[in-house]
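Coordinates from query.txt are shown below (compact mmCIF, C-alpha atoms and all ligand atoms).
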# COMPACT_ATOMS: atom_id res chain seq x y z
CA MET G 477 -57.56 -213.08 132.65
CA LYS G 478 -56.26 -216.62 133.16
CA ARG G 479 -54.70 -216.56 136.63
CA LYS G 480 -51.54 -218.37 137.56
CA SER G 481 -50.75 -218.69 141.26
CA LEU G 482 -47.27 -218.54 142.75
CA SER G 483 -47.57 -222.24 143.67
CA ARG G 484 -48.40 -223.20 140.11
CA TYR G 485 -45.65 -220.99 138.71
CA LEU G 486 -43.07 -222.62 141.01
CA ILE G 487 -44.24 -226.16 140.24
CA GLU G 488 -44.07 -225.43 136.50
CA GLN G 489 -40.55 -224.05 136.91
CA GLN G 490 -39.59 -227.23 138.72
CA ARG G 491 -41.07 -229.44 136.00
CA GLU G 492 -39.98 -227.50 132.93
CA HIS G 493 -36.52 -226.36 133.87
CA ASN G 494 -35.58 -228.75 136.62
CA ASN G 495 -33.74 -225.89 138.33
CA LEU G 496 -35.94 -225.56 141.37
CA PRO G 497 -35.53 -228.28 143.98
CA SER G 498 -38.66 -229.07 146.04
CA ASP G 499 -37.16 -227.79 149.27
CA LEU G 500 -36.31 -224.43 147.65
CA ARG G 501 -39.84 -224.23 146.24
CA LEU G 502 -41.28 -224.89 149.67
CA LEU G 503 -38.97 -222.34 151.24
CA ILE G 504 -40.13 -219.66 148.76
CA GLU G 505 -43.78 -220.51 149.49
CA ILE G 506 -43.18 -220.15 153.23
CA VAL G 507 -41.40 -216.81 152.73
CA ALA G 508 -44.31 -215.63 150.56
CA ARG G 509 -46.75 -216.67 153.31
CA ALA G 510 -44.74 -214.69 155.88
CA CYS G 511 -44.93 -211.65 153.58
CA LYS G 512 -48.73 -212.00 153.49
CA HIS G 513 -48.72 -211.96 157.27
CA ILE G 514 -46.52 -208.84 157.29
CA SER G 515 -48.75 -207.15 154.72
CA HIS G 516 -51.69 -207.73 157.03
CA ALA G 517 -49.83 -206.36 160.08
CA VAL G 518 -48.63 -203.28 158.15
CA SER G 519 -52.12 -202.53 156.86
CA LYS G 520 -53.58 -202.49 160.38
CA GLY G 521 -51.46 -199.50 161.42
CA GLU G 522 -52.78 -197.74 164.50
CA LEU G 523 -55.62 -200.28 164.78
CA GLY G 524 -53.09 -203.07 165.31
CA ASP G 525 -50.97 -201.00 167.74
CA VAL G 526 -47.98 -201.56 165.45
CA LEU G 527 -46.84 -197.97 164.84
CA GLY G 528 -44.06 -196.06 166.63
CA ASN G 529 -40.74 -197.00 168.19
CA ALA G 530 -40.04 -200.26 170.00
CA GLY G 531 -37.69 -198.48 172.42
CA THR G 532 -34.70 -200.59 171.36
CA ASP G 533 -31.76 -200.15 168.91
CA ASN G 534 -30.59 -202.70 166.36
CA VAL G 535 -26.95 -203.74 165.91
CA GLN G 536 -26.42 -200.73 163.62
CA GLY G 537 -27.48 -198.32 166.34
CA GLU G 538 -30.73 -197.47 164.56
CA ALA G 539 -33.90 -197.06 166.65
CA GLN G 540 -36.12 -200.08 165.98
CA LYS G 541 -39.73 -199.48 165.08
CA LYS G 542 -42.31 -201.81 166.65
CA LEU G 543 -42.85 -203.18 163.16
CA ASP G 544 -39.11 -203.86 162.65
CA VAL G 545 -39.25 -206.17 165.66
CA LEU G 546 -42.64 -207.71 164.84
CA THR G 547 -41.80 -208.43 161.20
CA ASN G 548 -38.49 -210.00 162.19
CA GLU G 549 -40.38 -212.34 164.54
CA ILE G 550 -42.93 -213.17 161.85
CA PHE G 551 -40.10 -214.25 159.55
CA LEU G 552 -38.37 -216.31 162.22
CA GLU G 553 -41.52 -218.13 163.28
CA ALA G 554 -42.71 -218.77 159.74
CA ASN G 555 -39.40 -220.16 158.51
CA GLU G 556 -37.79 -222.01 161.41
CA TRP G 557 -39.87 -225.21 161.33
CA GLY G 558 -40.11 -225.93 157.57
CA GLY G 559 -37.03 -228.17 157.42
CA ASN G 560 -35.45 -226.30 154.49
CA LEU G 561 -33.10 -223.99 156.35
CA ALA G 562 -29.82 -224.31 158.23
CA GLY G 563 -30.02 -220.74 159.51
CA MET G 564 -31.24 -217.20 159.07
CA ALA G 565 -29.75 -213.73 159.39
CA SER G 566 -31.53 -210.40 159.48
CA GLU G 567 -30.99 -206.66 159.71
CA GLU G 568 -32.65 -206.80 163.11
CA MET G 569 -30.44 -209.50 164.69
CA GLU G 570 -26.78 -208.98 165.57
CA HIS G 571 -25.88 -212.65 165.07
CA ILE G 572 -27.09 -215.44 162.84
CA TYR G 573 -30.07 -217.55 163.93
CA GLU G 574 -29.42 -221.26 163.88
CA ILE G 575 -32.49 -223.45 163.36
CA PRO G 576 -33.28 -224.90 166.81
CA ASN G 577 -32.55 -228.62 167.30
CA ARG G 578 -36.24 -229.41 167.82
CA TYR G 579 -36.80 -228.79 164.09
CA PRO G 580 -35.38 -230.62 161.06
CA LYS G 581 -32.64 -228.70 159.28
CA GLY G 582 -32.07 -228.09 155.59
CA GLU G 583 -29.31 -226.81 153.35
CA TYR G 584 -30.45 -223.24 152.71
CA LEU G 585 -29.65 -219.92 154.39
CA LEU G 586 -32.20 -217.13 154.46
CA VAL G 587 -31.00 -213.53 154.81
CA TYR G 588 -33.55 -210.73 155.06
CA ASP G 589 -34.51 -207.15 155.79
CA PRO G 590 -37.94 -207.73 157.36
CA LEU G 591 -39.08 -204.13 157.00
CA ASP G 592 -37.36 -201.93 154.46
CA GLY G 593 -38.02 -198.20 154.52
CA SER G 594 -39.17 -198.29 158.13
CA SER G 595 -39.08 -194.49 158.46
CA ASN G 596 -42.11 -194.52 156.10
CA ILE G 597 -44.30 -196.69 158.26
CA ASP G 598 -45.65 -194.02 160.61
CA ILE G 599 -46.62 -191.78 157.67
CA ASN G 600 -48.46 -194.49 155.69
CA VAL G 601 -46.00 -194.59 152.79
CA THR G 602 -44.70 -197.71 151.00
CA VAL G 603 -42.47 -200.19 152.86
CA GLY G 604 -41.32 -203.69 151.99
CA THR G 605 -39.46 -206.89 152.88
CA ILE G 606 -36.28 -208.01 151.08
CA PHE G 607 -34.87 -211.55 151.10
CA SER G 608 -31.97 -213.54 149.72
CA VAL G 609 -31.46 -217.33 149.67
CA LEU G 610 -28.00 -218.93 149.74
CA LYS G 611 -26.88 -222.54 150.08
CA LYS G 612 -24.83 -223.73 153.06
CA SER G 613 -21.57 -225.51 152.27
CA ASP G 614 -21.64 -229.31 152.50
CA SER G 615 -19.70 -229.29 155.78
CA PRO G 616 -21.47 -231.26 158.54
CA ASP G 617 -20.48 -228.57 161.09
CA ALA G 618 -23.11 -226.40 162.72
CA VAL G 619 -23.96 -223.32 160.71
CA CYS G 620 -21.84 -220.25 161.49
CA GLU G 621 -21.54 -216.66 160.24
CA LYS G 622 -18.84 -217.66 157.75
CA ASP G 623 -21.37 -219.85 155.89
CA PHE G 624 -23.39 -216.72 155.12
CA LEU G 625 -20.47 -214.65 153.81
CA GLN G 626 -20.88 -215.60 150.17
CA GLN G 627 -20.78 -213.46 147.05
CA GLY G 628 -24.17 -212.39 145.74
CA LYS G 629 -23.65 -214.44 142.59
CA ASN G 630 -24.14 -217.54 144.77
CA GLN G 631 -27.73 -216.56 145.57
CA VAL G 632 -30.20 -219.24 144.45
CA ALA G 633 -33.22 -216.96 144.87
CA ALA G 634 -33.97 -213.38 145.82
CA GLY G 635 -37.06 -211.27 146.12
CA TYR G 636 -38.97 -208.55 147.85
CA ALA G 637 -42.52 -207.86 148.89
CA ILE G 638 -43.81 -204.32 148.47
CA TYR G 639 -46.62 -203.09 150.70
CA GLY G 640 -48.09 -200.19 148.74
CA PRO G 641 -51.50 -199.53 147.20
CA GLN G 642 -51.21 -203.20 146.21
CA THR G 643 -49.11 -205.87 147.91
CA GLN G 644 -46.78 -207.48 145.39
CA LEU G 645 -44.04 -210.08 145.48
CA VAL G 646 -41.14 -209.76 143.04
CA LEU G 647 -39.11 -212.93 142.71
CA THR G 648 -36.18 -214.40 140.85
CA THR G 649 -34.80 -217.91 141.01
CA GLY G 650 -32.29 -217.12 138.26
CA ARG G 651 -34.70 -217.37 135.33
CA GLY G 652 -35.89 -213.79 135.00
CA THR G 653 -37.69 -211.48 137.41
CA HIS G 654 -41.42 -211.92 137.90
CA CYS G 655 -44.12 -210.08 139.82
CA PHE G 656 -47.07 -211.58 141.73
CA THR G 657 -49.93 -209.51 143.13
CA LEU G 658 -51.66 -210.53 146.34
CA ASP G 659 -55.36 -211.25 145.93
CA SER G 660 -56.17 -210.53 149.55
CA GLU G 661 -59.68 -212.00 149.34
CA LEU G 662 -58.38 -215.38 148.19
CA GLY G 663 -55.09 -215.05 150.05
CA SER G 664 -53.30 -216.01 146.84
CA TRP G 665 -50.29 -214.55 144.98
CA VAL G 666 -51.21 -214.21 141.29
CA LEU G 667 -48.61 -213.85 138.52
CA THR G 668 -49.16 -210.38 137.03
CA GLN G 669 -45.87 -209.56 135.27
CA GLU G 670 -43.56 -212.15 133.75
CA HIS G 671 -39.98 -211.34 132.73
CA MET G 672 -39.86 -207.74 133.91
CA GLN G 673 -37.31 -205.71 131.92
CA VAL G 674 -35.47 -202.59 133.05
CA PRO G 675 -35.23 -200.17 130.09
CA THR G 676 -31.59 -199.63 129.07
CA THR G 677 -31.89 -195.85 128.98
CA THR G 678 -33.69 -193.54 131.36
CA ASN G 679 -34.18 -189.93 132.33
CA GLU G 680 -35.05 -190.55 135.98
CA TYR G 681 -32.71 -190.78 138.95
CA ALA G 682 -33.15 -191.44 142.68
CA VAL G 683 -30.67 -190.20 145.27
CA ASN G 684 -30.80 -188.44 148.63
CA THR G 685 -29.37 -185.06 147.59
CA SER G 686 -29.20 -183.81 151.19
CA ASN G 687 -25.88 -185.69 151.32
CA THR G 688 -24.39 -183.79 148.34
CA ARG G 689 -21.75 -181.94 150.36
CA HIS G 690 -20.29 -185.25 151.58
CA TRP G 691 -19.99 -186.92 148.15
CA PHE G 692 -16.75 -187.84 146.37
CA PRO G 693 -15.80 -186.32 142.96
CA PRO G 694 -17.27 -189.02 140.62
CA MET G 695 -20.68 -188.57 142.22
CA THR G 696 -20.47 -184.76 142.24
CA ARG G 697 -19.48 -184.79 138.55
CA TYR G 698 -22.35 -187.11 137.59
CA MET G 699 -24.88 -185.13 139.62
CA SER G 700 -23.85 -181.82 138.06
CA GLU G 701 -24.30 -183.38 134.62
CA LEU G 702 -27.76 -184.70 135.54
CA LEU G 703 -28.76 -181.28 136.83
CA ALA G 704 -27.42 -179.50 133.73
CA GLY G 705 -30.06 -181.36 131.69
CA GLU G 706 -30.22 -180.74 127.95
CA THR G 707 -27.72 -177.88 128.15
CA GLY G 708 -25.06 -180.19 129.69
CA PRO G 709 -22.91 -183.06 128.35
CA LEU G 710 -25.72 -185.64 128.71
CA GLY G 711 -27.94 -183.58 126.40
CA LYS G 712 -31.31 -184.38 128.01
CA ASN G 713 -33.44 -183.36 130.96
CA TYR G 714 -33.78 -185.68 133.95
CA ASN G 715 -36.47 -186.05 136.60
CA MET G 716 -35.92 -187.12 140.23
CA ARG G 717 -37.82 -189.38 142.68
CA TRP G 718 -36.96 -190.42 146.27
CA VAL G 719 -39.35 -192.57 148.29
CA ALA G 720 -36.77 -193.43 151.00
CA ALA G 721 -37.59 -197.14 150.72
CA MET G 722 -35.28 -199.15 148.49
CA VAL G 723 -38.10 -201.57 147.60
CA ALA G 724 -40.16 -198.72 146.17
CA GLU G 725 -37.23 -197.28 144.17
CA VAL G 726 -36.35 -200.72 142.75
CA HIS G 727 -39.99 -201.44 141.95
CA ARG G 728 -40.29 -198.18 140.02
CA ILE G 729 -37.05 -198.91 138.14
CA LEU G 730 -38.24 -202.42 137.21
CA ASN G 731 -41.40 -200.91 135.80
CA ARG G 732 -40.16 -197.82 133.98
CA GLY G 733 -36.37 -197.61 134.30
CA GLY G 734 -34.18 -195.26 136.30
CA ILE G 735 -31.00 -195.21 138.33
CA PHE G 736 -30.93 -195.62 142.12
CA MET G 737 -27.86 -194.35 143.95
CA TYR G 738 -26.68 -194.55 147.54
CA PRO G 739 -23.00 -193.64 147.20
CA SER G 740 -20.33 -193.86 149.86
CA ASP G 741 -19.32 -190.47 151.19
CA SER G 742 -16.73 -188.76 153.35
CA ARG G 743 -18.67 -188.86 156.64
CA THR G 744 -17.67 -192.26 157.97
CA PRO G 745 -14.40 -193.45 156.44
CA GLY G 746 -14.38 -197.21 156.22
CA ARG G 747 -18.18 -197.44 156.05
CA PRO G 748 -19.21 -197.40 152.42
CA GLY G 749 -22.70 -196.06 151.89
CA ARG G 750 -25.78 -196.74 153.96
CA LEU G 751 -27.26 -199.88 152.48
CA ARG G 752 -26.37 -203.37 153.65
CA LEU G 753 -24.72 -205.79 151.24
CA MET G 754 -26.19 -209.10 152.37
CA TYR G 755 -29.89 -208.32 152.69
CA GLU G 756 -30.42 -205.15 150.62
CA ALA G 757 -27.81 -204.76 147.85
CA ASN G 758 -27.25 -208.42 146.90
CA PRO G 759 -30.89 -209.49 146.51
CA MET G 760 -31.77 -206.26 144.69
CA ALA G 761 -28.74 -206.69 142.41
CA MET G 762 -29.90 -210.19 141.45
CA ILE G 763 -33.45 -208.98 140.82
CA ILE G 764 -32.24 -206.05 138.68
CA GLU G 765 -29.68 -208.08 136.70
CA GLN G 766 -32.24 -210.81 136.03
CA ALA G 767 -34.35 -208.04 134.48
CA GLY G 768 -31.54 -206.79 132.24
CA GLY G 769 -30.31 -203.98 134.49
CA VAL G 770 -26.92 -203.43 136.12
CA ALA G 771 -25.84 -203.10 139.77
CA THR G 772 -22.38 -201.96 140.92
CA ASN G 773 -20.73 -200.33 143.91
CA GLY G 774 -19.09 -197.85 141.50
CA GLU G 775 -16.13 -200.16 141.04
CA ILE G 776 -17.34 -203.73 140.47
CA ALA G 777 -20.58 -205.69 140.20
CA ILE G 778 -22.34 -205.82 143.58
CA MET G 779 -22.69 -209.59 143.27
CA ASP G 780 -18.89 -210.00 142.87
CA ILE G 781 -18.13 -208.42 146.25
CA GLN G 782 -16.82 -210.87 148.84
CA PRO G 783 -18.62 -210.05 152.10
CA THR G 784 -16.50 -209.88 155.25
CA SER G 785 -19.26 -209.40 157.83
CA LEU G 786 -23.00 -209.94 158.11
CA HIS G 787 -24.02 -206.30 158.40
CA GLU G 788 -21.44 -204.69 156.12
CA ARG G 789 -22.46 -201.66 154.11
CA VAL G 790 -21.88 -200.99 150.46
CA ALA G 791 -22.26 -198.17 147.95
CA VAL G 792 -25.05 -198.96 145.48
CA PHE G 793 -25.70 -197.84 141.90
CA LEU G 794 -28.38 -199.89 140.20
CA GLY G 795 -30.92 -199.77 137.41
CA SER G 796 -30.82 -198.81 133.73
CA LYS G 797 -27.64 -200.07 132.09
CA GLU G 798 -26.58 -196.86 130.35
CA GLU G 799 -26.64 -194.69 133.48
CA VAL G 800 -25.15 -197.28 135.88
CA GLU G 801 -22.31 -197.87 133.43
CA ARG G 802 -21.76 -194.09 133.18
CA ILE G 803 -21.38 -193.49 136.93
CA THR G 804 -19.24 -196.65 137.23
CA ALA G 805 -16.96 -195.34 134.45
CA TYR G 806 -16.64 -192.01 136.31
CA HIS G 807 -15.37 -193.92 139.36
CA HIS G 808 -12.89 -195.82 137.16
CA ASP G 809 -11.72 -192.54 135.56
CA GLN G 810 -10.94 -191.17 138.98
CA VAL G 811 -8.89 -194.22 139.92
CA SER G 812 -6.88 -194.12 136.66
CA ASN G 813 -6.19 -190.33 136.83
O1 LIG X 1 -32.71 -191.95 155.13
P1 LIG X 1 -32.39 -191.95 153.69
O2 LIG X 1 -31.05 -191.36 153.37
O3 LIG X 1 -33.47 -191.34 152.85
O4 LIG X 1 -32.23 -193.48 153.29
C1 LIG X 1 -33.22 -194.24 152.74
C2 LIG X 1 -32.71 -195.62 152.56
O5 LIG X 1 -32.66 -196.27 153.80
C3 LIG X 1 -33.43 -197.44 153.80
O6 LIG X 1 -34.70 -197.11 154.28
C4 LIG X 1 -32.80 -198.46 154.70
O7 LIG X 1 -33.66 -199.50 155.00
P2 LIG X 1 -34.23 -199.85 156.49
O8 LIG X 1 -35.49 -199.10 156.71
O9 LIG X 1 -34.41 -201.33 156.34
O10 LIG X 1 -33.13 -199.52 157.47
C5 LIG X 1 -33.53 -197.82 152.32
O11 LIG X 1 -34.65 -198.58 152.05
C6 LIG X 1 -33.60 -196.44 151.67
O12 LIG X 1 -33.15 -196.48 150.36
MG MG X 2 -33.73 -201.72 154.36
MG MG X 3 -35.20 -202.75 157.62
Any chance you could give the structure as structure tokens?
Ligand SMILES: O=P(O)(O)OC[C@H]1O[C@](O)(COP(=O)(O)O)[C@@H](O)[C@@H]1O
Ligand SMILES: [Mg+2]
Ligand SMILES: [Mg+2]
Amino acid sequence: MKRKSLSRYLIEQQREHNNLPSDLRLLIEIVARACKHISHAVSKGELGDVLGNAGTDNVQGEAQKKLDVLTNEIFLEANEWGGNLAGMASEEMEHIYEIPNRYPKGEYLLVYDPLDGSSNIDINVTVGTIFSVLKKSDSPDAVCEKDFLQQGKNQVAAGYAIYGPQTQLVLTTGRGTHCFTLDSELGSWVLTQEHMQVPTTTNEYAVNTSNTRHWFPPMTRYMSELLAGETGPLGKNYNMRWVAAMVAEVHRILNRGGIFMYPSDSRTPGRPGRLRLMYEANPMAMIIEQAGGVATNGEIAIMDIQPTSLHERVAVFLGSKEEVERITAYHHDQVSN
């Protein structure tokens, strides 16, 4: 197999399509290096003393794992000095992180979930890192939270690393979604899948059904139809998977189709769903749409939502076009009835 490294892929993109400025290319390489570091830390497990709780809560009131804290620090340290960023924001930090004055500053904003699926870490099941890159406005003012509150369609790059049986990096810069596999002996990301495509139809869904009693009618209707299988209105049998790490669900969907759902429910009015818009839903929506899939909150495209705060939550339906459009139509039906 002729191997193409991430560096070569990015340089070719820059040359051939002229859509990848050097500082964005460098930023992606630094993020990819940080993901290698995280992959190494995750793989050490008990031997690296990285398992268990850190004894602190994040801004969302969730108990932080040691690895949530460590991976956040890895990302900060790797990215703060490169000169490409104006600031960063993360699931694990209440406020934005402005690049310290001792380092040169750039025009990009990096938003990330350093460890996705952290409840899996202590049981040796897949976890990942999700990231999104935005551009700061031209204003000469110091970076502030408002600079980050941009619609997902403004993202200039998005990606995730998945730490499973293999470590892989899935990336889009707006010209398709591509997958690189880490050759850990050479320390190099190698292009292994170009232009990933989400199949339009599917018979696989992913949802946490323990929340069924809290769901709203469009979701209950759709679920009952999925469960009815070939004897119901959808006329076919469906299978279910739930890894409890969004990276793993999205990775499966990119490879063989499916629909991932984390709907809003009646438990916490005013807090739609569980997933976070800026560093989970938006980057995954860009990755999925660049692979021909669809991502909505049941009403509109995820990437059309105007964020109002850094850690806001959003309902998520993403994956194979036919099924995401079906559940979105059921939400619209409810509104129009
Ligand atoms: O606890 P549940 O309902 O299974 O939720 C799982 C979801 O929560 C998440 O783990 C949230 O991510 P974090 O681990 O980054 O908080 C998603 O990756 C996943 O889809
Ligand atoms: Mg997450
Ligand atoms: Mg996380």
Original post:
Could you list as a count of residues only every residue that has an atom within 6 Å of (-35.7, -226.1, 152.6), using the file's coordinates and counting all atoms listed in the file?
Top reply: 8
Subject >> Who sits within 12 Å of Gly531 of chain G, only C-alpha atoms, same chain under 6 positions skipped, as an MDAnalysis selection string >> reply: chainID G and resid 537:545
Original post:
Within 10 Å of ligand LIG 1 (chain X), counting only C-alpha atoms and all ligand atoms, which protein or nucleic acid residues do you find, written as a PyMOL selection string?
Top reply: chain G and resi 534+536+538-541+544+567-568+588-597+603-606+682-687+718-726+736-738+749-752+755-756+792
Original post:
Closest to His671 of chain G among G:Lys629, G:Ile638, G:Lys712, G:Gln766, using all atoms listed in the file?
Top reply: G:Gln766
Original post:
Counting all atoms listed in the file, which residues come within 10 Å of (-55.8, -212.1, 151.1), with the point read in the file's coordinates, and could you list them as an MDAnalysis selection string?
Top reply: chainID G and resid 512:513 515:516 643 658:665
Go ahead and save the picked residues with C-alpha atoms, as a PDB file, in the frame of the given file.
ATOM      1  CA  LYS G 512     -48.730-212.000 153.490  1.00  0.00           C
ATOM      2  CA  HIS G 513     -48.720-211.960 157.270  1.00  0.00           C
ATOM      3  CA  SER G 515     -48.750-207.150 154.720  1.00  0.00           C
ATOM      4  CA  HIS G 516     -51.690-207.730 157.030  1.00  0.00           C
ATOM      5  CA  THR G 643     -49.110-205.870 147.910  1.00  0.00           C
ATOM      6  CA  LEU G 658     -51.660-210.530 146.340  1.00  0.00           C
ATOM      7  CA  ASP G 659     -55.360-211.250 145.930  1.00  0.00           C
ATOM      8  CA  SER G 660     -56.170-210.530 149.550  1.00  0.00           C
ATOM      9  CA  GLU G 661     -59.680-212.000 149.340  1.00  0.00           C
ATOM     10  CA  LEU G 662     -58.380-215.380 148.190  1.00  0.00           C
ATOM     11  CA  GLY G 663     -55.090-215.050 150.050  1.00  0.00           C
ATOM     12  CA  SER G 664     -53.300-216.010 146.840  1.00  0.00           C
ATOM     13  CA  TRP G 665     -50.290-214.550 144.980  1.00  0.00           C
TER      14      TRP G 665
END
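Minimum distance to Tyr806 of chain G across G:Met699, G:Val526, G:Ala757, G:Ile729 (counting all atoms listed in the file) occurs at G:Met699.
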**OP:** Name all residues at most 6 Å from segment 477-487 of chain G (count only C-alpha atoms; drop same-chain ones fewer than 3 positions away) and give them as a PyMOL selection string.
**Re:** chain G and resi 490+665-667
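Between ligand MG 2 (chain X) and the candidates G:Ser566, G:Thr653, G:Gly746, G:Pro675, the tightest atom-to-atom separation, counting only C-alpha atoms and all ligand atoms, involves G:Ser566.
Proximity of G:Pro497, G:Val790, G:Phe607, G:Tyr681 to Arg728 of chain G, computed with only C-alpha atoms, is greatest for G:Tyr681.
Across G:Ile776, G:Leu786, G:Ala767, G:Leu552, the tightest approach to Val535 of chain G is made by G:Leu786 when counting all atoms listed in the file.
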**OP:** Please measure the separation of atom CA of Ala634 of chain G and atom CA of Pro616 of chain G, giving the value in Å to one decimal.
**Re:** 25.3 Å
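Across the model, the gap from atom CA of Gln669 of chain G to atom CA of Phe656 of chain G is 6.9 Å.
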Subject >> Which residue of G:Ser740, G:His787, G:Leu703, G:Met779 approaches ligand MG 2 (chain X) most closely, using all atoms listed in the file >> reply: G:His787
Original post:
Just how far from atom CA of Ile572 of chain G is atom CA of Asp614 of chain G, in Å to one decimal?
Top reply: 18.1 Å
**OP:** For Gln626 of chain G, work out the shell of residues within 7 Å, counting all atoms listed in the file and skipping chain neighbours fewer than 2 positions away, then give it as a PyMOL selection string.
**Re:** chain G and resi 624+628+630+782-783
**OP:** Fewer than 3 positions away in the same chain doesn't count, so skip those; otherwise give me all residues within 7 Å of Thr678 of chain G, counting all atoms listed in the file, as an NGL selection string.
**Re:** :G and (675 or 733-734 or 796)
Please rebuild segment 623-635 of chain G with N, CA and C atoms and return the result as a PDB file, in the coordinates of the input.
ATOM      1  N   ASP G 623     -20.556-219.213 156.939  1.00  0.00           N
ATOM      2  CA  ASP G 623     -21.370-219.850 155.890  1.00  0.00           C
ATOM      3  C   ASP G 623     -22.179-218.820 155.093  1.00  0.00           C
ATOM      4  N   PHE G 624     -22.547-217.741 155.763  1.00  0.00           N
ATOM      5  CA  PHE G 624     -23.390-216.720 155.120  1.00  0.00           C
ATOM      6  C   PHE G 624     -22.576-215.775 154.223  1.00  0.00           C
ATOM      7  N   LEU G 625     -21.264-215.679 154.479  1.00  0.00           N
ATOM      8  CA  LEU G 625     -20.470-214.650 153.810  1.00  0.00           C
ATOM      9  C   LEU G 625     -20.075-215.079 152.396  1.00  0.00           C
ATOM     10  N   GLN G 626     -21.079-215.169 151.554  1.00  0.00           N
ATOM     11  CA  GLN G 626     -20.880-215.600 150.170  1.00  0.00           C
ATOM     12  C   GLN G 626     -21.180-214.456 149.216  1.00  0.00           C
ATOM     13  N   GLN G 627     -20.509-214.477 148.073  1.00  0.00           N
ATOM     14  CA  GLN G 627     -20.780-213.460 147.050  1.00  0.00           C
ATOM     15  C   GLN G 627     -22.234-213.563 146.584  1.00  0.00           C
ATOM     16  N   GLY G 628     -22.777-212.424 146.181  1.00  0.00           N
ATOM     17  CA  GLY G 628     -24.170-212.390 145.740  1.00  0.00           C
ATOM     18  C   GLY G 628     -24.443-213.308 144.557  1.00  0.00           C
ATOM     19  N   LYS G 629     -23.411-213.578 143.749  1.00  0.00           N
ATOM     20  CA  LYS G 629     -23.650-214.440 142.590  1.00  0.00           C
ATOM     21  C   LYS G 629     -23.972-215.872 142.998  1.00  0.00           C
ATOM     22  N   ASN G 630     -23.766-216.203 144.282  1.00  0.00           N
ATOM     23  CA  ASN G 630     -24.140-217.540 144.770  1.00  0.00           C
ATOM     24  C   ASN G 630     -25.606-217.634 145.174  1.00  0.00           C
ATOM     25  N   GLN G 631     -26.321-216.515 145.155  1.00  0.00           N
ATOM     26  CA  GLN G 631     -27.730-216.560 145.570  1.00  0.00           C
ATOM     27  C   GLN G 631     -28.524-217.511 144.663  1.00  0.00           C
ATOM     28  N   VAL G 632     -29.369-218.339 145.258  1.00  0.00           N
ATOM     29  CA  VAL G 632     -30.200-219.240 144.450  1.00  0.00           C
ATOM     30  C   VAL G 632     -31.600-218.648 144.242  1.00  0.00           C
ATOM     31  N   ALA G 633     -31.945-217.666 145.045  1.00  0.00           N
ATOM     32  CA  ALA G 633     -33.220-216.960 144.870  1.00  0.00           C
ATOM     33  C   ALA G 633     -33.121-215.627 145.606  1.00  0.00           C
ATOM     34  N   ALA G 634     -33.908-214.674 145.149  1.00  0.00           N
ATOM     35  CA  ALA G 634     -33.970-213.380 145.820  1.00  0.00           C
ATOM     36  C   ALA G 634     -35.319-212.763 145.505  1.00  0.00           C
ATOM     37  N   GLY G 635     -35.772-211.899 146.392  1.00  0.00           N
ATOM     38  CA  GLY G 635     -37.060-211.270 146.120  1.00  0.00           C
ATOM     39  C   GLY G 635     -37.359-210.174 147.116  1.00  0.00           C
TER      40      GLY G 635
END
